[in-house]
Amino acid sequence: MDLKSTEYEVTDQLATICLNRPHRGNAWTGRMHTEYRFLLDQADKDAGVRAIIVTGAGDRFCVGGDSKALDGHSKSGSYDAGTAPDLVTPGDPSFEAFRADFAYHFALSKPVIAAMNGAAAGVGLVLACYADIRFAVPGAKLTTAHGPLNLPAEYGLSWLLPRLIGGARATELLLSSR
């Protein structure tokens, strides 16, 4: 696959997937989604990889969905996810629930480490929450982002977040995006 939104490197049995759109805060696009799934699958199948690190280029992890792309969908009156028709589902596909977007992380045979080098919002926070371990730089802003936009929590975040940080704090984040 021709990587345009991500970078991939394997060093010392660690696969590093870098979200590489720093000029847009590593904002998530269909292209990035396609590449990310492909690279997770590659790393999971590589016998020389023992763990997978996900990070962002520049000073942000992932600021969420690309607002410029979403604005284009709104103006056109239609939605194109921008993903490849042959989208890879990483991990063991035997349990159907683990084939859903981001839930496939639970079907991987190797741990995923989110190295959050800055802000993680919306789908960026979702990505971090599905990782097995999360590390963030001091001062990194983490937010659900959907609240002020009057959008629903996405990708199972309303189920996952309370299990990671507790019900009260998760409810506050999910309702207010503070």
# chains A, B, ... in the order shown; residues from 1 in each chain; ligands from 1
$ closest_atom_pairs --of "segment 68-157 of chain A" --to "segment 11-25 of chain A" --cutoff "10 Å" --atoms "only C-alpha atoms" --output "JSON lines"
{"residue": "A:Lys68", "atom": "CA", "partner": "A:Arg24", "partner_atom": "CA", "distance": 9.3}
{"residue": "A:Val112", "atom": "CA", "partner": "A:Ala15", "partner_atom": "CA", "distance": 9.5}
{"residue": "A:Ile113", "atom": "CA", "partner": "A:Thr16", "partner_atom": "CA", "distance": 9.4}
{"residue": "A:Ala114", "atom": "CA", "partner": "A:Ile17", "partner_atom": "CA", "distance": 9.8}
{"residue": "A:Ala115", "atom": "CA", "partner": "A:Cys18", "partner_atom": "CA", "distance": 9.7}
{"residue": "A:Gly118", "atom": "CA", "partner": "A:Gly25", "partner_atom": "CA", "distance": 9.3}
{"residue": "A:Ala119", "atom": "CA", "partner": "A:Gly25", "partner_atom": "CA", "distance": 8.4}
{"residue": "A:Ala120", "atom": "CA", "partner": "A:Gly25", "partner_atom": "CA", "distance": 9.4}
$ write_last_selection --atoms "N, CA and C atoms" --output "mmCIF file, in the first residue's frame"
data_model
loop_
_atom_site.group_PDB
_atom_site.id
_atom_site.type_symbol
_atom_site.label_atom_id
_atom_site.label_comp_id
_atom_site.auth_asym_id
_atom_site.auth_seq_id
_atom_site.Cartn_x
_atom_site.Cartn_y
_atom_site.Cartn_z
ATOM 1 N N LYS A 68 -12.255 19.769 7.740
ATOM 2 C CA LYS A 68 -12.316 20.255 6.350
ATOM 3 C C LYS A 68 -12.993 19.210 5.454
ATOM 4 N N VAL A 112 -0.979 -3.087 21.792
ATOM 5 C CA VAL A 112 -0.904 -1.796 21.122
ATOM 6 C C VAL A 112 -0.688 -0.729 22.199
ATOM 7 N N ILE A 113 0.314 0.100 21.980
ATOM 8 C CA ILE A 113 0.660 1.159 22.924
ATOM 9 C C ILE A 113 0.403 2.498 22.238
ATOM 10 N N ALA A 114 -0.460 3.325 22.836
ATOM 11 C CA ALA A 114 -0.705 4.667 22.314
ATOM 12 C C ALA A 114 0.298 5.605 22.975
ATOM 13 N N ALA A 115 1.180 6.171 22.183
ATOM 14 C CA ALA A 115 2.163 7.149 22.660
ATOM 15 C C ALA A 115 1.639 8.520 22.243
ATOM 16 N N GLY A 118 0.556 14.552 22.207
ATOM 17 C CA GLY A 118 -0.197 15.795 22.290
ATOM 18 C C GLY A 118 -1.677 15.498 22.276
ATOM 19 N N ALA A 119 -2.464 16.456 21.845
ATOM 20 C CA ALA A 119 -3.921 16.381 21.892
ATOM 21 C C ALA A 119 -4.472 15.121 21.235
ATOM 22 N N ALA A 120 -5.489 14.558 21.891
ATOM 23 C CA ALA A 120 -6.253 13.436 21.350
ATOM 24 C C ALA A 120 -7.724 13.786 21.537
#
$ residues_around --residues "Val63 of chain A" --least-positions-apart "5" --cutoff "12 Å" --atoms "only C-alpha atoms" --output "PyMOL selection string"
chain A and resi 19+21-29+56-58+116-128+140-146
$ select_by_dssp --residues "chain A" --states "strand (DSSP E)" --output "compact mmCIF listing (two decimals) with N, CA and C atoms, in the first residue's frame"
# COMPACT_ATOMS: atom_id res chain seq x y z
N THR A 6 0.21 7.99 6.82
CA THR A 6 0.85 7.30 7.93
C THR A 6 2.29 6.96 7.56
N GLU A 7 3.06 6.61 8.57
CA GLU A 7 4.40 6.06 8.37
C GLU A 7 4.50 4.78 9.18
N TYR A 8 5.36 3.88 8.74
CA TYR A 8 5.49 2.58 9.41
C TYR A 8 6.95 2.20 9.48
N GLU A 9 7.36 1.73 10.65
CA GLU A 9 8.75 1.32 10.84
C GLU A 9 8.79 0.20 11.87
N VAL A 10 9.66 -0.76 11.64
CA VAL A 10 9.89 -1.83 12.62
C VAL A 10 11.35 -1.75 13.05
N THR A 11 11.56 -1.57 14.35
CA THR A 11 12.89 -1.49 14.94
C THR A 11 12.87 -2.24 16.26
N LEU A 14 9.69 -3.72 17.59
CA LEU A 14 8.59 -2.80 17.84
C LEU A 14 8.15 -2.19 16.50
N ALA A 15 6.87 -2.34 16.19
CA ALA A 15 6.32 -1.69 15.00
C ALA A 15 5.77 -0.34 15.45
N THR A 16 6.15 0.71 14.74
CA THR A 16 5.63 2.04 15.04
C THR A 16 4.78 2.51 13.87
N ILE A 17 3.53 2.82 14.19
CA ILE A 17 2.61 3.42 13.23
C ILE A 17 2.50 4.88 13.61
N CYS A 18 2.87 5.75 12.70
CA CYS A 18 2.82 7.19 12.96
C CYS A 18 1.74 7.82 12.08
N LEU A 19 0.76 8.45 12.72
CA LEU A 19 -0.24 9.22 11.98
C LEU A 19 0.48 10.45 11.47
N ALA A 51 5.34 -5.87 19.70
CA ALA A 51 4.39 -4.86 20.19
C ALA A 51 4.24 -3.78 19.13
N ILE A 52 3.13 -3.05 19.20
CA ILE A 52 2.81 -2.02 18.21
C ILE A 52 2.65 -0.69 18.94
N ILE A 53 3.37 0.31 18.49
CA ILE A 53 3.25 1.66 19.04
C ILE A 53 2.53 2.53 18.03
N VAL A 54 1.57 3.31 18.50
CA VAL A 54 0.85 4.25 17.65
C VAL A 54 1.12 5.65 18.20
N THR A 55 1.54 6.55 17.33
CA THR A 55 1.83 7.92 17.74
C THR A 55 1.45 8.87 16.62
N GLY A 56 1.64 10.15 16.85
CA GLY A 56 1.34 11.15 15.83
C GLY A 56 2.57 11.95 15.47
N VAL A 112 -0.98 -3.09 21.79
CA VAL A 112 -0.90 -1.80 21.12
C VAL A 112 -0.69 -0.73 22.20
N ILE A 113 0.31 0.10 21.98
CA ILE A 113 0.66 1.16 22.92
C ILE A 113 0.40 2.50 22.24
N ALA A 114 -0.46 3.32 22.84
CA ALA A 114 -0.70 4.67 22.31
C ALA A 114 0.30 5.61 22.97
N ALA A 115 1.18 6.17 22.18
CA ALA A 115 2.16 7.15 22.66
C ALA A 115 1.64 8.52 22.24
N MET A 116 0.82 9.11 23.12
CA MET A 116 0.14 10.36 22.79
C MET A 116 1.07 11.54 23.02
N ALA A 120 -5.49 14.56 21.89
CA ALA A 120 -6.25 13.44 21.35
C ALA A 120 -7.72 13.79 21.54
N ALA A 121 -8.42 13.99 20.44
CA ALA A 121 -9.82 14.38 20.50
C ALA A 121 -10.65 13.50 19.59
N ILE A 133 -2.29 0.02 26.26
CA ILE A 133 -1.59 0.91 27.20
C ILE A 133 -1.54 2.29 26.57
N ARG A 134 -1.69 3.32 27.41
CA ARG A 134 -1.66 4.69 26.92
C ARG A 134 -0.65 5.50 27.72
N PHE A 135 0.18 6.26 27.03
CA PHE A 135 1.10 7.20 27.64
C PHE A 135 0.86 8.55 26.98
N ALA A 136 0.82 9.62 27.78
CA ALA A 136 0.60 10.95 27.21
C ALA A 136 1.64 11.91 27.77
N LEU A 142 -7.09 15.76 26.29
CA LEU A 142 -7.87 14.61 25.86
C LEU A 142 -9.34 14.98 25.97
N THR A 143 -10.08 14.83 24.89
CA THR A 143 -11.50 15.19 24.90
C THR A 143 -12.29 14.32 23.95
$ select_by_dssp --residues "chain A" --states "alpha helix (DSSP H)" --output "VMD selection string"
chain A and resid 30 to 45 67 to 76 123 to 130 157 to 165 167 to 176
$ residues_around --residues "Phe38 of chain A" --least-positions-apart "2" --cutoff "10 Å" --atoms "only C-alpha atoms" --output "ChimeraX atom specification"
/A:1,3,32-36,40-44,87-90
$ write_last_selection --atoms "N, CA and C atoms" --output "compact mmCIF listing (two decimals), in the first residue's frame"
# COMPACT_ATOMS: atom_id res chain seq x y z
N MET A 1 0.84 -1.18 0.00
CA MET A 1 0.00 0.00 0.00
C MET A 1 0.88 1.24 0.00
N LEU A 3 1.65 4.56 1.32
CA LEU A 3 1.31 5.29 2.53
C LEU A 3 1.38 6.79 2.30
N MET A 32 -6.50 7.70 6.04
CA MET A 32 -5.74 7.33 7.23
C MET A 32 -6.33 6.08 7.87
N HIS A 33 -7.65 5.99 7.90
CA HIS A 33 -8.33 4.82 8.47
C HIS A 33 -7.92 3.55 7.71
N THR A 34 -7.93 3.64 6.39
CA THR A 34 -7.55 2.50 5.55
C THR A 34 -6.10 2.09 5.80
N GLU A 35 -5.20 3.07 5.82
CA GLU A 35 -3.78 2.77 6.05
C GLU A 35 -3.56 2.22 7.46
N TYR A 36 -4.21 2.80 8.46
CA TYR A 36 -4.04 2.35 9.84
C TYR A 36 -4.42 0.88 9.98
N LEU A 40 -1.84 -2.10 10.99
CA LEU A 40 -2.09 -2.94 12.17
C LEU A 40 -2.05 -4.41 11.78
N ASP A 41 -2.68 -4.74 10.67
CA ASP A 41 -2.71 -6.12 10.19
C ASP A 41 -1.29 -6.60 9.86
N GLN A 42 -0.52 -5.75 9.18
CA GLN A 42 0.87 -6.10 8.85
C GLN A 42 1.67 -6.40 10.12
N ALA A 43 1.57 -5.50 11.09
CA ALA A 43 2.33 -5.66 12.33
C ALA A 43 1.88 -6.90 13.10
N ASP A 44 0.59 -7.15 13.11
CA ASP A 44 0.06 -8.29 13.86
C ASP A 44 0.51 -9.61 13.24
N LEU A 87 -11.25 -2.94 2.52
CA LEU A 87 -10.75 -2.55 3.83
C LEU A 87 -10.35 -3.78 4.65
N VAL A 88 -9.13 -3.79 5.14
CA VAL A 88 -8.59 -4.90 5.92
C VAL A 88 -9.18 -4.88 7.33
N THR A 89 -9.51 -6.04 7.85
CA THR A 89 -9.91 -6.15 9.26
C THR A 89 -8.78 -6.86 9.99
N PRO A 90 -8.01 -6.11 10.80
CA PRO A 90 -6.88 -6.70 11.51
C PRO A 90 -7.33 -7.69 12.58
$ atom_distance --atom1 "atom CA of Pro111 of chain A" --atom2 "atom CA of Asp132 of chain A"
5.9 Å
$ atom_distance --atom1 "atom CA of Leu161 of chain A" --atom2 "atom CA of Asp92 of chain A"
23.5 Å
